[in-house]
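Containing mmCIF, C-alpha atoms: data31.cif.
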data_coords
loop_
_atom_site.group_PDB
_atom_site.id
_atom_site.type_symbol
_atom_site.label_atom_id
_atom_site.label_comp_id
_atom_site.auth_asym_id
_atom_site.auth_seq_id
_atom_site.Cartn_x
_atom_site.Cartn_y
_atom_site.Cartn_z
ATOM 1 C CA MET A 10 -127.879 -40.232 -3.961
ATOM 2 C CA SER A 11 -125.145 -38.765 -6.176
ATOM 3 C CA ALA A 12 -121.478 -39.660 -5.714
ATOM 4 C CA VAL A 13 -120.704 -36.705 -3.476
ATOM 5 C CA GLY A 14 -119.518 -36.186 0.055
ATOM 6 C CA GLU A 15 -115.929 -37.356 -0.141
ATOM 7 C CA VAL A 16 -115.384 -37.599 3.587
ATOM 8 C CA GLY A 17 -118.088 -38.853 5.887
ATOM 9 C CA ARG A 18 -118.476 -37.332 9.313
ATOM 10 C CA GLN A 19 -118.490 -39.726 12.238
ATOM 11 C CA GLY A 20 -121.692 -39.630 14.184
ATOM 12 C CA ALA A 21 -123.600 -37.976 11.352
ATOM 13 C CA GLY A 22 -125.934 -40.939 10.984
ATOM 14 C CA ALA A 23 -125.756 -44.434 9.588
ATOM 15 C CA TRP A 24 -124.108 -44.942 6.234
ATOM 16 C CA GLU A 25 -126.622 -45.837 3.533
ATOM 17 C CA GLY A 26 -124.902 -49.136 2.792
ATOM 18 C CA GLU A 27 -125.000 -50.544 6.337
ATOM 19 C CA GLY A 28 -127.882 -52.917 5.695
ATOM 20 C CA LEU A 29 -126.434 -54.264 2.464
ATOM 21 C CA VAL A 30 -123.032 -54.758 4.098
ATOM 22 C CA SER A 31 -124.654 -56.829 6.853
ATOM 23 C CA GLU A 32 -126.466 -58.923 4.254
ATOM 24 C CA GLY A 33 -123.257 -59.384 2.309
ATOM 25 C CA LEU A 34 -121.188 -60.477 5.287
ATOM 26 C CA ASP A 35 -123.819 -63.106 6.073
ATOM 27 C CA ALA A 36 -123.710 -64.456 2.513
ATOM 28 C CA PRO A 37 -121.167 -67.123 1.467
ATOM 29 C CA ALA A 38 -117.967 -65.613 0.102
ATOM 30 C CA LEU A 39 -117.321 -65.926 -3.613
ATOM 31 C CA TYR A 40 -113.638 -65.143 -2.978
ATOM 32 C CA ARG A 41 -112.184 -65.616 0.491
ATOM 33 C CA GLY A 42 -109.136 -63.919 1.976
ATOM 34 C CA LEU A 43 -107.376 -62.919 -1.249
ATOM 35 C CA SER A 44 -104.007 -61.395 -0.348
ATOM 36 C CA THR A 45 -103.460 -57.820 -1.538
ATOM 37 C CA GLU A 46 -99.848 -58.868 -2.102
ATOM 38 C CA TYR A 47 -101.025 -60.871 -5.105
ATOM 39 C CA ALA A 48 -104.490 -59.512 -5.964
ATOM 40 C CA ASP A 49 -104.692 -55.869 -7.055
ATOM 41 C CA VAL A 50 -107.894 -54.235 -5.784
ATOM 42 C CA GLY A 51 -108.228 -51.988 -8.837
ATOM 43 C CA ARG A 52 -107.881 -54.847 -11.311
ATOM 44 C CA LEU A 53 -110.336 -56.918 -9.266
ATOM 45 C CA MET A 54 -112.878 -54.106 -9.574
ATOM 46 C CA GLU A 55 -112.378 -54.088 -13.338
ATOM 47 C CA PHE A 56 -112.865 -57.874 -13.458
ATOM 48 C CA LEU A 57 -116.084 -57.659 -11.443
ATOM 49 C CA ASP A 58 -117.272 -54.849 -13.713
ATOM 50 C CA ARG A 59 -116.875 -57.095 -16.764
ATOM 51 C CA ARG A 60 -118.811 -59.829 -14.951
ATOM 52 C CA LEU A 61 -121.651 -57.390 -14.106
ATOM 53 C CA PHE A 62 -121.184 -58.477 -10.501
ATOM 54 C CA THR A 63 -123.634 -57.351 -7.821
ATOM 55 C CA GLY A 64 -122.560 -57.587 -4.215
ATOM 56 C CA LEU A 65 -120.016 -56.546 -1.599
ATOM 57 C CA VAL A 66 -116.238 -56.213 -1.716
ATOM 58 C CA ARG A 67 -114.633 -56.022 1.732
ATOM 59 C CA VAL A 68 -110.955 -55.159 2.118
ATOM 60 C CA THR A 69 -109.113 -55.307 5.440
ATOM 61 C CA LEU A 70 -105.734 -53.612 5.885
ATOM 62 C CA PRO A 71 -103.796 -53.007 9.103
ATOM 63 C CA GLY A 72 -106.057 -50.760 11.186
ATOM 64 C CA ARG A 73 -108.317 -50.106 8.188
ATOM 65 C CA GLU A 74 -111.405 -51.616 6.624
ATOM 66 C CA ALA A 75 -113.337 -50.840 3.448
ATOM 67 C CA HIS A 76 -116.746 -51.861 2.113
ATOM 68 C CA VAL A 77 -117.601 -51.319 -1.537
ATOM 69 C CA LEU A 78 -121.065 -52.113 -2.895
ATOM 70 C CA LEU A 79 -121.294 -52.918 -6.586
ATOM 71 C CA PHE A 80 -124.502 -53.028 -8.592
ATOM 72 C CA ARG A 81 -124.266 -54.655 -12.040
ATOM 73 C CA GLY A 82 -120.521 -54.276 -11.998
ATOM 74 C CA LYS A 83 -120.348 -50.616 -11.006
ATOM 75 C CA PRO A 84 -119.399 -49.246 -7.558
ATOM 76 C CA ARG A 85 -122.414 -47.345 -6.227
ATOM 77 C CA ALA A 86 -121.424 -46.835 -2.575
ATOM 78 C CA ALA A 87 -118.107 -47.098 -0.756
ATOM 79 C CA ARG A 88 -116.823 -46.453 2.744
ATOM 80 C CA TYR A 89 -113.257 -46.725 4.025
ATOM 81 C CA GLY A 90 -112.380 -46.394 7.699
ATOM 82 C CA VAL A 91 -108.982 -44.689 7.988
ATOM 83 C CA GLU A 92 -107.321 -43.444 11.169
ATOM 84 C CA GLY A 93 -110.483 -42.649 13.069
ATOM 85 C CA ARG A 94 -112.486 -41.201 10.190
ATOM 86 C CA ASN A 95 -114.585 -42.536 7.350
ATOM 87 C CA LEU A 96 -113.951 -41.746 3.699
ATOM 88 C CA GLU A 97 -116.843 -42.257 1.320
ATOM 89 C CA SER A 98 -117.531 -42.484 -2.406
ATOM 90 C CA ALA A 99 -114.657 -41.707 -4.811
ATOM 91 C CA ALA A 100 -112.291 -40.627 -2.028
ATOM 92 C CA ALA A 101 -112.781 -43.995 -0.318
ATOM 93 C CA LEU A 102 -112.014 -45.954 -3.481
ATOM 94 C CA ARG A 103 -108.986 -43.886 -4.437
ATOM 95 C CA GLU A 104 -107.405 -44.196 -1.000
ATOM 96 C CA LEU A 105 -108.278 -47.888 -0.762
ATOM 97 C CA VAL A 106 -106.665 -48.751 -4.103
ATOM 98 C CA ALA A 107 -103.567 -46.705 -3.262
ATOM 99 C CA ASP A 108 -103.168 -48.172 0.250
ATOM 100 C CA SER A 109 -103.744 -51.762 -0.872
ATOM 101 C CA ARG A 110 -100.748 -51.528 -3.198
ATOM 102 C CA TRP A 111 -98.286 -51.132 -0.328
ATOM 103 C CA MET A 112 -100.103 -52.563 2.702
ATOM 104 C CA GLU A 113 -100.670 -56.286 3.177
ATOM 105 C CA GLY A 114 -104.299 -57.228 3.736
ATOM 106 C CA GLU A 115 -107.153 -59.430 2.577
ATOM 107 C CA ILE A 116 -110.029 -59.133 0.121
ATOM 108 C CA TRP A 117 -113.428 -60.806 0.507
ATOM 109 C CA VAL A 118 -116.099 -60.795 -2.196
ATOM 110 C CA HIS A 119 -119.741 -61.648 -1.391
ATOM 111 C CA GLU A 120 -122.418 -61.902 -4.082
ATOM 112 C CA LEU A 121 -125.890 -60.500 -3.392
ATOM 113 C CA PRO A 122 -129.167 -60.680 -5.333
ATOM 114 C CA GLU A 123 -130.126 -57.495 -7.137
ATOM 115 C CA GLU A 124 -133.523 -57.527 -5.408
ATOM 116 C CA LEU A 125 -131.864 -56.406 -2.162
ATOM 117 C CA PHE A 126 -130.628 -53.149 -3.674
ATOM 118 C CA PRO A 127 -132.802 -50.013 -3.768
ATOM 119 C CA GLU A 128 -134.604 -49.477 -7.064
ATOM 120 C CA SER A 129 -133.109 -46.002 -7.257
ATOM 121 C CA TRP A 130 -129.648 -47.534 -7.688
ATOM 122 C CA GLU A 131 -130.595 -48.644 -11.190
ATOM 123 C CA GLU A 132 -130.454 -44.987 -12.254
ATOM 124 C CA ARG A 133 -127.643 -43.938 -9.947
ATOM 125 C CA GLU A 134 -124.404 -42.814 -11.548
ATOM 126 C CA PRO A 135 -121.483 -45.109 -10.669
ATOM 127 C CA ILE A 136 -118.601 -43.797 -8.610
ATOM 128 C CA VAL A 137 -115.803 -42.406 -10.759
ATOM 129 C CA TRP A 138 -112.542 -43.165 -9.010
ATOM 130 C CA GLU A 139 -109.851 -42.698 -11.669
ATOM 131 C CA GLU A 140 -108.488 -46.239 -11.890
ATOM 132 C CA LEU A 141 -107.387 -45.452 -15.448
ATOM 133 C CA HIS A 142 -104.977 -42.895 -13.978
ATOM 134 C CA PRO A 143 -103.781 -44.558 -10.751
ATOM 135 C CA ARG A 144 -101.748 -42.722 -8.192
ATOM 136 C CA PRO A 145 -98.050 -43.644 -7.975
ATOM 137 C CA VAL A 146 -96.901 -46.182 -5.418
ATOM 138 C CA ARG A 147 -96.306 -44.472 -2.103
ATOM 139 C CA GLU A 148 -92.812 -43.645 -0.985
ATOM 140 C CA GLU A 149 -93.022 -46.117 1.922
ATOM 141 C CA ALA A 150 -93.317 -48.939 -0.572
ATOM 142 C CA SER A 151 -90.157 -47.989 -2.471
ATOM 143 C CA PRO A 152 -87.695 -50.872 -2.061
ATOM 144 C CA GLY A 153 -84.610 -48.915 -3.113
ATOM 145 C CA PRO A 154 -83.330 -47.500 0.206
ATOM 146 C CA ALA A 155 -83.300 -50.967 1.787
ATOM 147 C CA LEU A 156 -80.342 -51.881 -0.437
ATOM 148 C CA GLU A 157 -78.184 -48.906 0.424
ATOM 149 C CA GLY A 158 -76.660 -50.518 3.484
ATOM 150 C CA SER A 159 -75.600 -53.611 1.555
ATOM 151 C CA VAL A 160 -74.027 -51.884 -1.457
ATOM 152 C CA PRO A 161 -70.503 -50.462 -0.906
ATOM 153 C CA SER A 162 -70.247 -46.744 -1.491
ATOM 154 C CA THR A 163 -67.211 -47.423 -3.711
ATOM 155 C CA THR A 164 -69.175 -49.614 -6.117
ATOM 156 C CA PRO A 165 -68.202 -48.649 -9.680
ATOM 157 C CA ALA A 166 -70.888 -47.129 -11.844
ATOM 158 C CA VAL A 167 -71.676 -47.648 -15.502
ATOM 159 C CA PRO A 168 -70.754 -44.498 -17.445
ATOM 160 C CA VAL A 169 -73.481 -43.355 -19.793
ATOM 161 C CA GLU A 170 -72.573 -40.698 -22.322
ATOM 162 C CA PRO A 171 -75.379 -38.100 -22.668
ATOM 163 C CA PRO A 172 -75.885 -36.714 -26.168
ATOM 164 C CA PRO A 173 -74.166 -33.341 -26.623
ATOM 165 C CA ALA A 174 -76.222 -30.281 -27.497
ATOM 166 C CA GLN A 175 -75.751 -29.031 -31.034
ATOM 167 C CA GLY A 176 -72.613 -26.933 -31.326
ATOM 168 C CA GLU A 177 -71.435 -27.727 -27.784
ATOM 169 C CA PRO A 178 -68.759 -30.147 -26.575
ATOM 170 C CA ALA A 179 -69.965 -33.416 -25.090
ATOM 171 C CA PRO A 180 -70.417 -33.245 -21.297
ATOM 172 C CA GLY A 181 -68.969 -35.863 -18.984
ATOM 173 C CA PRO A 182 -70.617 -39.272 -18.559
ATOM 174 C CA VAL A 183 -73.653 -39.747 -16.362
ATOM 175 C CA GLU A 184 -72.827 -42.365 -13.747
ATOM 176 C CA VAL A 185 -75.547 -44.863 -12.905
ATOM 177 C CA ASP A 186 -74.668 -46.878 -9.821
ATOM 178 C CA VAL A 187 -75.935 -50.214 -8.536
ATOM 179 C CA VAL A 188 -78.546 -48.743 -6.214
ATOM 180 C CA THR A 189 -80.060 -46.657 -8.994
ATOM 181 C CA TRP A 190 -80.258 -49.565 -11.439
ATOM 182 C CA VAL A 191 -81.959 -51.644 -8.746
ATOM 183 C CA LYS A 192 -84.518 -48.897 -8.131
ATOM 184 C CA VAL A 193 -85.308 -48.640 -11.834
ATOM 185 C CA LEU A 194 -85.605 -52.415 -12.194
ATOM 186 C CA GLU A 195 -87.937 -52.809 -9.221
ATOM 187 C CA ALA A 196 -90.042 -49.800 -10.225
ATOM 188 C CA LEU A 197 -90.521 -51.266 -13.711
ATOM 189 C CA VAL A 198 -91.619 -54.616 -12.269
ATOM 190 C CA ALA A 199 -94.017 -52.908 -9.836
ATOM 191 C CA ARG A 200 -95.709 -50.949 -12.624
ATOM 192 C CA PHE A 201 -95.973 -54.024 -14.832
ATOM 193 C CA ARG A 202 -97.567 -55.991 -11.964
ATOM 194 C CA ARG A 203 -100.026 -53.155 -11.324
ATOM 195 C CA TYR A 204 -101.376 -53.216 -14.870
ATOM 196 C CA TRP A 205 -100.867 -56.819 -15.972
ATOM 197 C CA GLY A 206 -101.407 -58.754 -12.757
ATOM 198 C CA PRO A 207 -99.345 -61.162 -10.617
ATOM 199 C CA THR A 208 -99.193 -64.027 -13.139
ATOM 200 C CA ALA A 209 -97.584 -61.937 -15.877
ATOM 201 C CA ALA A 210 -95.350 -60.244 -13.279
ATOM 202 C CA ALA A 211 -94.121 -63.654 -12.092
ATOM 203 C CA ARG A 212 -93.044 -64.449 -15.660
ATOM 204 C CA LEU A 213 -91.205 -61.129 -15.857
ATOM 205 C CA GLU A 214 -89.449 -61.839 -12.559
ATOM 206 C CA ALA A 215 -88.375 -65.271 -13.851
ATOM 207 C CA GLU A 216 -86.949 -63.614 -16.971
ATOM 208 C CA ILE A 217 -84.960 -61.133 -14.876
ATOM 209 C CA SER A 218 -83.779 -63.800 -12.440
ATOM 210 C CA GLY A 219 -82.509 -65.836 -15.386
ATOM 211 C CA ALA A 220 -80.345 -62.890 -16.429
ATOM 212 C CA LEU A 221 -78.993 -62.439 -12.892
ATOM 213 C CA GLN A 222 -78.542 -66.008 -11.645
ATOM 214 C CA ALA A 223 -74.853 -66.174 -12.635
ATOM 215 C CA GLU A 224 -74.244 -63.347 -10.153
ATOM 216 C CA GLY A 225 -76.172 -65.035 -7.346
ATOM 217 C CA LEU A 226 -79.049 -62.557 -7.657
ATOM 218 C CA TRP A 227 -82.749 -63.094 -8.198
ATOM 219 C CA LEU A 228 -86.001 -61.178 -8.120
ATOM 220 C CA ARG A 229 -88.727 -62.314 -5.730
ATOM 221 C CA ARG A 230 -92.046 -60.544 -5.089
ATOM 222 C CA GLY A 231 -90.737 -57.439 -6.770
ATOM 223 C CA ARG A 232 -87.560 -57.204 -4.661
ATOM 224 C CA LEU A 233 -84.007 -57.910 -5.761
ATOM 225 C CA GLU A 234 -82.326 -60.373 -3.419
ATOM 226 C CA GLY A 235 -78.612 -61.042 -3.065
ATOM 227 C CA GLN A 236 -75.632 -58.668 -3.083
ATOM 228 C CA PRO A 237 -75.557 -56.661 -6.336
ATOM 229 C CA ALA A 238 -72.105 -55.372 -7.187
ATOM 230 C CA LYS A 239 -71.886 -54.885 -10.969
ATOM 231 C CA PRO A 240 -73.886 -52.068 -12.579
ATOM 232 C CA GLU A 241 -73.387 -53.541 -16.055
ATOM 233 C CA VAL A 242 -75.029 -56.819 -15.016
ATOM 234 C CA LEU A 243 -78.066 -54.943 -13.700
ATOM 235 C CA ARG A 244 -78.250 -52.809 -16.840
ATOM 236 C CA ALA A 245 -78.213 -55.948 -18.996
ATOM 237 C CA ALA A 246 -80.973 -57.495 -16.873
ATOM 238 C CA LEU A 247 -83.024 -54.322 -17.252
ATOM 239 C CA VAL A 248 -82.576 -54.431 -21.034
ATOM 240 C CA ARG A 249 -83.885 -57.990 -20.969
ATOM 241 C CA ALA A 250 -86.817 -56.913 -18.800
ATOM 242 C CA VAL A 251 -87.651 -54.060 -21.179
ATOM 243 C CA GLU A 252 -87.770 -56.459 -24.135
ATOM 244 C CA PHE A 253 -90.040 -58.834 -22.232
ATOM 245 C CA VAL A 254 -92.427 -56.017 -21.296
ATOM 246 C CA ARG A 255 -92.396 -54.752 -24.879
ATOM 247 C CA GLY A 256 -93.432 -58.185 -26.132
ATOM 248 C CA MET A 257 -96.308 -58.354 -23.631
ATOM 249 C CA ALA A 258 -97.558 -54.773 -23.495
ATOM 250 C CA GLY A 259 -96.185 -52.927 -26.527
ATOM 251 C CA GLY A 260 -93.812 -50.044 -27.122
ATOM 252 C CA SER A 261 -95.998 -47.271 -25.696
ATOM 253 C CA PHE A 262 -96.339 -49.061 -22.357
ATOM 254 C CA VAL A 263 -92.565 -49.598 -22.268
ATOM 255 C CA ASP A 264 -91.868 -45.905 -22.873
ATOM 256 C CA GLN A 265 -94.325 -44.792 -20.180
ATOM 257 C CA SER A 266 -93.113 -47.387 -17.675
ATOM 258 C CA VAL A 267 -89.414 -46.673 -18.148
ATOM 259 C CA ALA A 268 -90.020 -42.924 -17.850
ATOM 260 C CA ALA A 269 -91.954 -43.462 -14.615
ATOM 261 C CA ALA A 270 -89.261 -45.804 -13.256
ATOM 262 C CA LEU A 271 -86.501 -43.297 -14.019
ATOM 263 C CA ARG A 272 -88.416 -40.525 -12.266
ATOM 264 C CA GLU A 273 -88.953 -42.720 -9.196
ATOM 265 C CA ALA A 274 -85.220 -43.487 -9.151
ATOM 266 C CA GLY A 275 -84.450 -39.756 -9.207
ATOM 267 C CA LEU A 276 -82.698 -39.767 -12.602
ATOM 268 C CA ARG A 277 -82.917 -36.416 -14.370
ATOM 269 C CA ASP A 278 -80.996 -37.252 -17.534
ATOM 270 C CA GLU A 279 -83.560 -39.683 -18.893
ATOM 271 C CA GLU A 280 -82.376 -39.562 -22.501
ATOM 272 C CA SER A 281 -78.871 -40.843 -21.828
ATOM 273 C CA VAL A 282 -80.128 -43.659 -19.614
ATOM 274 C CA ARG A 283 -82.727 -44.617 -22.215
ATOM 275 C CA ALA A 284 -79.898 -44.806 -24.734
ATOM 276 C CA ALA A 285 -78.019 -47.168 -22.403
ATOM 277 C CA LEU A 286 -81.098 -49.385 -22.393
ATOM 278 C CA GLY A 287 -81.344 -49.367 -26.192
ATOM 279 C CA LEU A 288 -84.573 -47.360 -26.247
ATOM 280 C CA ASP A 289 -83.467 -44.598 -28.634
#

Before we go any further, please render this structure as structure tokens.
Amino acid sequence: MSAVGEVGRQGAGAWEGEGLVSEGLDAPALYRGLSTEYADVGRLMEFLDRRLFTGLVRVTLPGREAHVLLFRGKPRAARYGVEGRNLESAAALRELVADSRWMEGEIWVHELPEELFPESWEEREPIVWEELHPRPVREEASPGPALEGSVPSTTPAVPVEPPPAQGEPAPGPVEVDVVTWVKVLEALVARFRRYWGPTAAARLEAEISGALQAEGLWLRRGRLEGQPAKPEVLRAALVRAVEFVRGMAGGSFVDQSVAAALREAGLRDEESVRAALGLD
């Protein structure tokens, strides 16, 4: 079977992987109940690919359940039950990876012998699901709005002078307030965690918390806790975070991550903010 048929129709017959899923669920779990809060499904798939793993990956999310069958490290069949319908193949994997990044759930991995898989799967093309170009974190997962009620509307902002166009007078400063700096900081941490995993992200959070502790602020599980009041303190913490990420992932990753974080925060004048972070 080729990797086609993005959405399965209920009642259209049994899914081809039913028997293998049953076998897998009866087999001892290699990994049991991994939390999606700490284990990224996409990175786990990449790890299993490098291990040439053969077996079943089961992911449970609130009201949702996915089964992915891997043969010699590659996903060959996938089904994801979502809101009364079943997604299959690449659509199932894409939606599963996206949902698991903002919904809390569990991951179970069961190893199976290759002899149980159909011989035809040796020649079957693996499912292409675009992990190298992941979808952005969904809006529901954005932590920024949760801080709006705790930050006074009169909080001063850090003025950032945008570069003037040639032959034109310099425009007024771009004001970056506390809420915006928090959004950028959390978005940067979220992207770093997505690509580098929870252990490296924990080190980044410790670095940021060290820069903020004098203000009674800290970063925990990707969320800023405390009562932020000084934009300059948050900007300085973000500069420190950028340098840490640069040391771990390189300049190109920093540029891409900061650009993505600024877009998520709704900042249009990226150049002036990048200058405030020492990136130009």

Mind listing as a JSON list (two decimals) with C-alpha atoms, keeping the file's coordinate frame all residues within 10 Å of (-118.5, -49.1, -4.0), counting all atoms listed in the file?
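Full text of part25.json as output:
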[["chain", "number", "residue", "atom", "x", "y", "z"],
["A", 26, "GLY", "CA", -124.90, -49.14, 2.79],
["A", 54, "MET", "CA", -112.88, -54.11, -9.57],
["A", 64, "GLY", "CA", -122.56, -57.59, -4.22],
["A", 65, "LEU", "CA", -120.02, -56.55, -1.60],
["A", 66, "VAL", "CA", -116.24, -56.21, -1.72],
["A", 67, "ARG", "CA", -114.63, -56.02, 1.73],
["A", 75, "ALA", "CA", -113.34, -50.84, 3.45],
["A", 76, "HIS", "CA", -116.75, -51.86, 2.11],
["A", 77, "VAL", "CA", -117.60, -51.32, -1.54],
["A", 78, "LEU", "CA", -121.06, -52.11, -2.90],
["A", 79, "LEU", "CA", -121.29, -52.92, -6.59],
["A", 80, "PHE", "CA", -124.50, -53.03, -8.59],
["A", 82, "GLY", "CA", -120.52, -54.28, -12.00],
["A", 83, "LYS", "CA", -120.35, -50.62, -11.01],
["A", 84, "PRO", "CA", -119.40, -49.25, -7.56],
["A", 85, "ARG", "CA", -122.41, -47.34, -6.23],
["A", 86, "ALA", "CA", -121.42, -46.84, -2.58],
["A", 87, "ALA", "CA", -118.11, -47.10, -0.76],
["A", 88, "ARG", "CA", -116.82, -46.45, 2.74],
["A", 89, "TYR", "CA", -113.26, -46.72, 4.03],
["A", 97, "GLU", "CA", -116.84, -42.26, 1.32],
["A", 98, "SER", "CA", -117.53, -42.48, -2.41],
["A", 99, "ALA", "CA", -114.66, -41.71, -4.81],
["A", 101, "ALA", "CA", -112.78, -44.00, -0.32],
["A", 102, "LEU", "CA", -112.01, -45.95, -3.48],
["A", 135, "PRO", "CA", -121.48, -45.11, -10.67],
["A", 136, "ILE", "CA", -118.60, -43.80, -8.61],
["A", 137, "VAL", "CA", -115.80, -42.41, -10.76],
["A", 138, "TRP", "CA", -112.54, -43.16, -9.01]]

Next on the checklist: Just want the 10 Å neighbourhood of Ala269 in chain A, counted on all atoms listed in the file, with same-chain residues fewer than 6 positions away dropped. Output as a ChimeraX atom specification.
Outcome noted: /A:145,193,196-197,200,263,275

Checklist entry - Using all atoms listed in the file, which of the listed residues (A:Glu195, A:Glu252, A:Glu273, A:Glu123) sits closest to Arg230 in chain A? => result A:Glu195

Checklist entry - So what does the PyMOL selection byres ((chain A and resi 205-211) around 9) actually pick up in this one, as a ChimeraX atom specification? => result /A:46-49,52,198-204,212-216,229-231,257-258

Next on the checklist: Between A:Ala268, A:Leu29, A:Leu70, A:Val191, which residue has the minimum interatomic distance to Pro127 in chain A, considering all atoms listed in the file?
Outcome noted: A:Leu29

Item to check | Exercise: residues within 10 Å of coordinate (-80.9, -57.4, -13.3), counting only C-alpha atoms, as a VMD selection string | outcome: chain A and resid 187 190 to 191 193 to 195 214 216 to 222 224 226 to 228 233 237 239 to 250
